[in-house]
Amino acid sequence: MVKRLFHELTGRLSRITDDPRFEAEVIFQTVFGRDWRLKELSGRLAEPSAAELEALEKLAKRRLSGEPLQYIVGEWEFYGLTLKVAEGALIPRQDTESLVDVSLGLIEEIPRPRILDLCSGTGCIALAIKSRRPDAEVTALELYPEAYEILRENCRRYGGVEPLRADALKPQTAEGFSGLDLITANPPYLTAGDMNELQRELKFEPKTALFGGEDGLDFYRAISKVWRRSLREGGYIALEIGAAQKEAVSAILKSSGWREIRVENDLAGKPRVAIGRK
Ligand code: GLN
């Protein structure tokens, strides 16, 4: 019975995704437990309950309406951590793991580094860094109340990262920090044009986490100016960027006085992380 339902769901999902088997698997694990295949084999799922069948249909309908799988499941993996995800915050993406890799490299030689993550959303970057550098002092900043609740919950889940509700674009916020070793951010960076042709799933994510102003660069202009004073001399900034923003963001960093500017690619070979040094 359950096997048949699995194939049915895979068929329905193939209309909206390139990886229907994977998505059906994730939905099945959510409804019947991670070990659903084992349970099936041993006959324990011979007769799913009405509640289970109802839950399955509900999740299937949500996904078929275009809602991202991550929001439906409510949790997603990032850098080996399982984080709460929900509509109020951007879904952690694999591309962003490159920012974590770069950040860990920048602080490798620094004992007890002090790190601030701006526009933190789920807190994925801050928590991933902390997970590899337990000695680091990490603060995660988020402005929007819904996202902040998700951030708080993830910080509670893993511990060691201080969530703070504040506006990263306000100079007054930056005045509260000094002597930092590293500032990270994955700010909103989509352009007005990008926003007009958003893929269906992205429409479920908060605009405030995606839209970076007409040319997508508003946050880079503001952050590179506002936060420089909060780093120690020799401290770093590491920012996720859109694949087409390498030159523009490098120029912005240069004009606000950063040195040793470089851009690292993600695993797909696209420019993804802009780095500057104070
Ligand atoms: N990387 C995201 C996307 O292209 C955008 C995230 C962001 O604006 N920071 O969907």
# chains A, B, ... in the order shown; residues from 1 in each chain; ligands from 1
>>> residues_near_ligand(ligand="ligand 1", cutoff="6 Å", atoms="only C-alpha atoms and all ligand atoms", output="number ranges by chain")
A: 186-190, 209-210
>>> select_by_dssp(residues="segment 201-241 of chain A", states="helix (DSSP H, G or I)", output="number ranges by chain")
A: 201-204, 207-210, 218-226, 228-230
>>> closest_atom_pairs(of="segment 176-226 of chain A", to="segment 14-34 of chain A", cutoff="12 Å", atoms="only C-alpha atoms", output="tab-separated table")
residue	atom	partner	partner_atom	distance
A:Gln199	CA	A:Ile16	CA	11.7
A:Arg200	CA	A:Ile16	CA	9.9
A:Glu201	CA	A:Ile16	CA	10.3
>>> select_by_dssp(residues="segment 87-260 of chain A", states="strand (DSSP E or B)", output="ChimeraX atom specification")
/A:114-118,137-142,161-165,180-185,190,211,231-240,259-260
>>> atom_distance(atom1="atom CA of Pro113 of chain A", atom2="atom CA of Phe177 of chain A")
13.9 Å
>>> atom_distance(atom1="atom CA of Ala238 of chain A", atom2="atom CA of Tyr158 of chain A")
22.9 Å
>>> residues_around(residues="Ser131 of chain A", least_positions_apart="3", cutoff="9 Å", atoms="only C-alpha atoms", output="PyMOL selection string")
chain A and resi 79+81+126-128+134+158+160
>>> residues_around(residues="Leu182 of chain A", least_positions_apart="3", cutoff="7 Å", atoms="only C-alpha atoms", output="list in words")
Arg114, Ile115, Leu116, Leu231, Gly235, Tyr236 and Ile237 of chain A
>>> residues_around(residues="segment 45-49 of chain A", least_positions_apart="3", cutoff="12 Å", atoms="only C-alpha atoms", output="PDB file with N, CA, C and O atoms, in the first residue's frame")
ATOM      1  N   MET A   1       0.829  -1.217   0.000  1.00  0.00           N
ATOM      2  CA  MET A   1       0.000   0.000   0.000  1.00  0.00           C
ATOM      3  C   MET A   1       0.864   1.269   0.000  1.00  0.00           C
ATOM      4  O   MET A   1       0.755   2.114  -0.879  1.00  0.00           O
ATOM      5  N   VAL A   2       1.795   1.303   0.980  1.00  0.00           N
ATOM      6  CA  VAL A   2       2.622   2.501   1.095  1.00  0.00           C
ATOM      7  C   VAL A   2       3.571   2.636  -0.101  1.00  0.00           C
ATOM      8  O   VAL A   2       3.814   3.737  -0.595  1.00  0.00           O
ATOM      9  N   LYS A   3       4.082   1.521  -0.558  1.00  0.00           N
ATOM     10  CA  LYS A   3       4.946   1.529  -1.762  1.00  0.00           C
ATOM     11  C   LYS A   3       4.193   2.119  -2.948  1.00  0.00           C
ATOM     12  O   LYS A   3       4.743   2.917  -3.713  1.00  0.00           O
ATOM     13  N   ARG A   4       2.932   1.708  -3.079  1.00  0.00           N
ATOM     14  CA  ARG A   4       2.119   2.211  -4.198  1.00  0.00           C
ATOM     15  C   ARG A   4       1.916   3.728  -4.048  1.00  0.00           C
ATOM     16  O   ARG A   4       2.044   4.482  -5.005  1.00  0.00           O
ATOM     17  N   LEU A   5       1.671   4.148  -2.821  1.00  0.00           N
ATOM     18  CA  LEU A   5       1.503   5.587  -2.580  1.00  0.00           C
ATOM     19  C   LEU A   5       2.770   6.354  -2.943  1.00  0.00           C
ATOM     20  O   LEU A   5       2.717   7.469  -3.457  1.00  0.00           O
ATOM     21  N   PHE A  28       7.911  11.391   2.460  1.00  0.00           N
ATOM     22  CA  PHE A  28       7.581  10.136   3.148  1.00  0.00           C
ATOM     23  C   PHE A  28       8.282  10.024   4.498  1.00  0.00           C
ATOM     24  O   PHE A  28       7.716   9.561   5.472  1.00  0.00           O
ATOM     25  N   VAL A  31       6.381  12.104   6.985  1.00  0.00           N
ATOM     26  CA  VAL A  31       5.098  11.562   7.443  1.00  0.00           C
ATOM     27  C   VAL A  31       5.264  10.247   8.207  1.00  0.00           C
ATOM     28  O   VAL A  31       4.678  10.054   9.267  1.00  0.00           O
ATOM     29  N   PHE A  32       6.073   9.339   7.666  1.00  0.00           N
ATOM     30  CA  PHE A  32       6.143   7.982   8.231  1.00  0.00           C
ATOM     31  C   PHE A  32       7.418   7.714   9.040  1.00  0.00           C
ATOM     32  O   PHE A  32       7.614   6.612   9.529  1.00  0.00           O
ATOM     33  N   GLY A  33       8.289   8.707   9.114  1.00  0.00           N
ATOM     34  CA  GLY A  33       9.538   8.522   9.863  1.00  0.00           C
ATOM     35  C   GLY A  33      10.694   8.188   8.923  1.00  0.00           C
ATOM     36  O   GLY A  33      10.492   7.689   7.823  1.00  0.00           O
ATOM     37  N   ASP A  35      12.761   5.956   8.986  1.00  0.00           N
ATOM     38  CA  ASP A  35      12.966   4.529   8.725  1.00  0.00           C
ATOM     39  C   ASP A  35      11.751   3.901   8.031  1.00  0.00           C
ATOM     40  O   ASP A  35      11.479   2.726   8.191  1.00  0.00           O
ATOM     41  N   TRP A  36      11.039   4.706   7.242  1.00  0.00           N
ATOM     42  CA  TRP A  36       9.782   4.195   6.674  1.00  0.00           C
ATOM     43  C   TRP A  36       9.988   2.970   5.789  1.00  0.00           C
ATOM     44  O   TRP A  36       9.167   2.061   5.770  1.00  0.00           O
ATOM     45  N   ARG A  37      11.112   2.902   5.086  1.00  0.00           N
ATOM     46  CA  ARG A  37      11.335   1.752   4.194  1.00  0.00           C
ATOM     47  C   ARG A  37      11.511   0.458   5.009  1.00  0.00           C
ATOM     48  O   ARG A  37      11.033  -0.608   4.640  1.00  0.00           O
ATOM     49  N   LEU A  38      12.207   0.609   6.110  1.00  0.00           N
ATOM     50  CA  LEU A  38      12.411  -0.543   7.003  1.00  0.00           C
ATOM     51  C   LEU A  38      11.075  -1.009   7.583  1.00  0.00           C
ATOM     52  O   LEU A  38      10.768  -2.202   7.624  1.00  0.00           O
ATOM     53  N   LYS A  39      10.281  -0.019   8.006  1.00  0.00           N
ATOM     54  CA  LYS A  39       8.959  -0.337   8.559  1.00  0.00           C
ATOM     55  C   LYS A  39       8.093  -1.015   7.505  1.00  0.00           C
ATOM     56  O   LYS A  39       7.343  -1.938   7.798  1.00  0.00           O
ATOM     57  N   GLU A  40       8.221  -0.533   6.291  1.00  0.00           N
ATOM     58  CA  GLU A  40       7.434  -1.090   5.191  1.00  0.00           C
ATOM     59  C   GLU A  40       7.808  -2.563   4.983  1.00  0.00           C
ATOM     60  O   GLU A  40       6.937  -3.438   4.895  1.00  0.00           O
ATOM     61  N   LEU A  41       9.120  -2.806   4.959  1.00  0.00           N
ATOM     62  CA  LEU A  41       9.618  -4.169   4.735  1.00  0.00           C
ATOM     63  C   LEU A  41       9.137  -5.134   5.806  1.00  0.00           C
ATOM     64  O   LEU A  41       8.825  -6.293   5.537  1.00  0.00           O
ATOM     65  N   SER A  42       9.073  -4.636   7.026  1.00  0.00           N
ATOM     66  CA  SER A  42       8.690  -5.536   8.118  1.00  0.00           C
ATOM     67  C   SER A  42       7.177  -5.535   8.344  1.00  0.00           C
ATOM     68  O   SER A  42       6.691  -6.053   9.341  1.00  0.00           O
ATOM     69  N   GLU A  52      -2.179   9.693   9.068  1.00  0.00           N
ATOM     70  CA  GLU A  52      -0.968   9.681   8.236  1.00  0.00           C
ATOM     71  C   GLU A  52      -1.304   9.968   6.772  1.00  0.00           C
ATOM     72  O   GLU A  52      -0.608  10.734   6.093  1.00  0.00           O
ATOM     73  N   LEU A  53      -2.374   9.327   6.319  1.00  0.00           N
ATOM     74  CA  LEU A  53      -2.763   9.531   4.912  1.00  0.00           C
ATOM     75  C   LEU A  53      -3.167  10.975   4.652  1.00  0.00           C
ATOM     76  O   LEU A  53      -2.826  11.562   3.627  1.00  0.00           O
ATOM     77  N   GLU A  54      -3.847  11.555   5.639  1.00  0.00           N
ATOM     78  CA  GLU A  54      -4.257  12.950   5.516  1.00  0.00           C
ATOM     79  C   GLU A  54      -3.038  13.873   5.494  1.00  0.00           C
ATOM     80  O   GLU A  54      -2.937  14.792   4.686  1.00  0.00           O
ATOM     81  N   ALA A  55      -2.084  13.582   6.390  1.00  0.00           N
ATOM     82  CA  ALA A  55      -0.864  14.390   6.449  1.00  0.00           C
ATOM     83  C   ALA A  55      -0.104  14.289   5.123  1.00  0.00           C
ATOM     84  O   ALA A  55       0.385  15.285   4.587  1.00  0.00           O
ATOM     85  N   LEU A  56      -0.041  13.089   4.584  1.00  0.00           N
ATOM     86  CA  LEU A  56       0.676  12.867   3.325  1.00  0.00           C
ATOM     87  C   LEU A  56       0.054  13.698   2.204  1.00  0.00           C
ATOM     88  O   LEU A  56       0.761  14.379   1.449  1.00  0.00           O
TER      89      LEU A  56
END
>>> residues_around(residues="Gly234 of chain A", least_positions_apart="4", cutoff="12 Å", atoms="only C-alpha atoms", output="PyMOL selection string")
chain A and resi 106-107+110+179-183+228-230+258-260+276-278
>>> atom_distance(atom1="atom CA of Gly43 of chain A", atom2="atom CA of Ile72 of chain A")
27.1 Å
>>> residues_around(residues="segment 211-216 of chain A", least_positions_apart="2", cutoff="10 Å", atoms="only C-alpha atoms", output="PyMOL selection string")
chain A and resi 187-195+206-209+218-220+241-242+245+248
>>> closest_residue(among="A:Phe6, A:Tyr71, A:Trp227, A:Tyr144", to="Gly176 of chain A", atoms="only C-alpha atoms")
A:Trp227
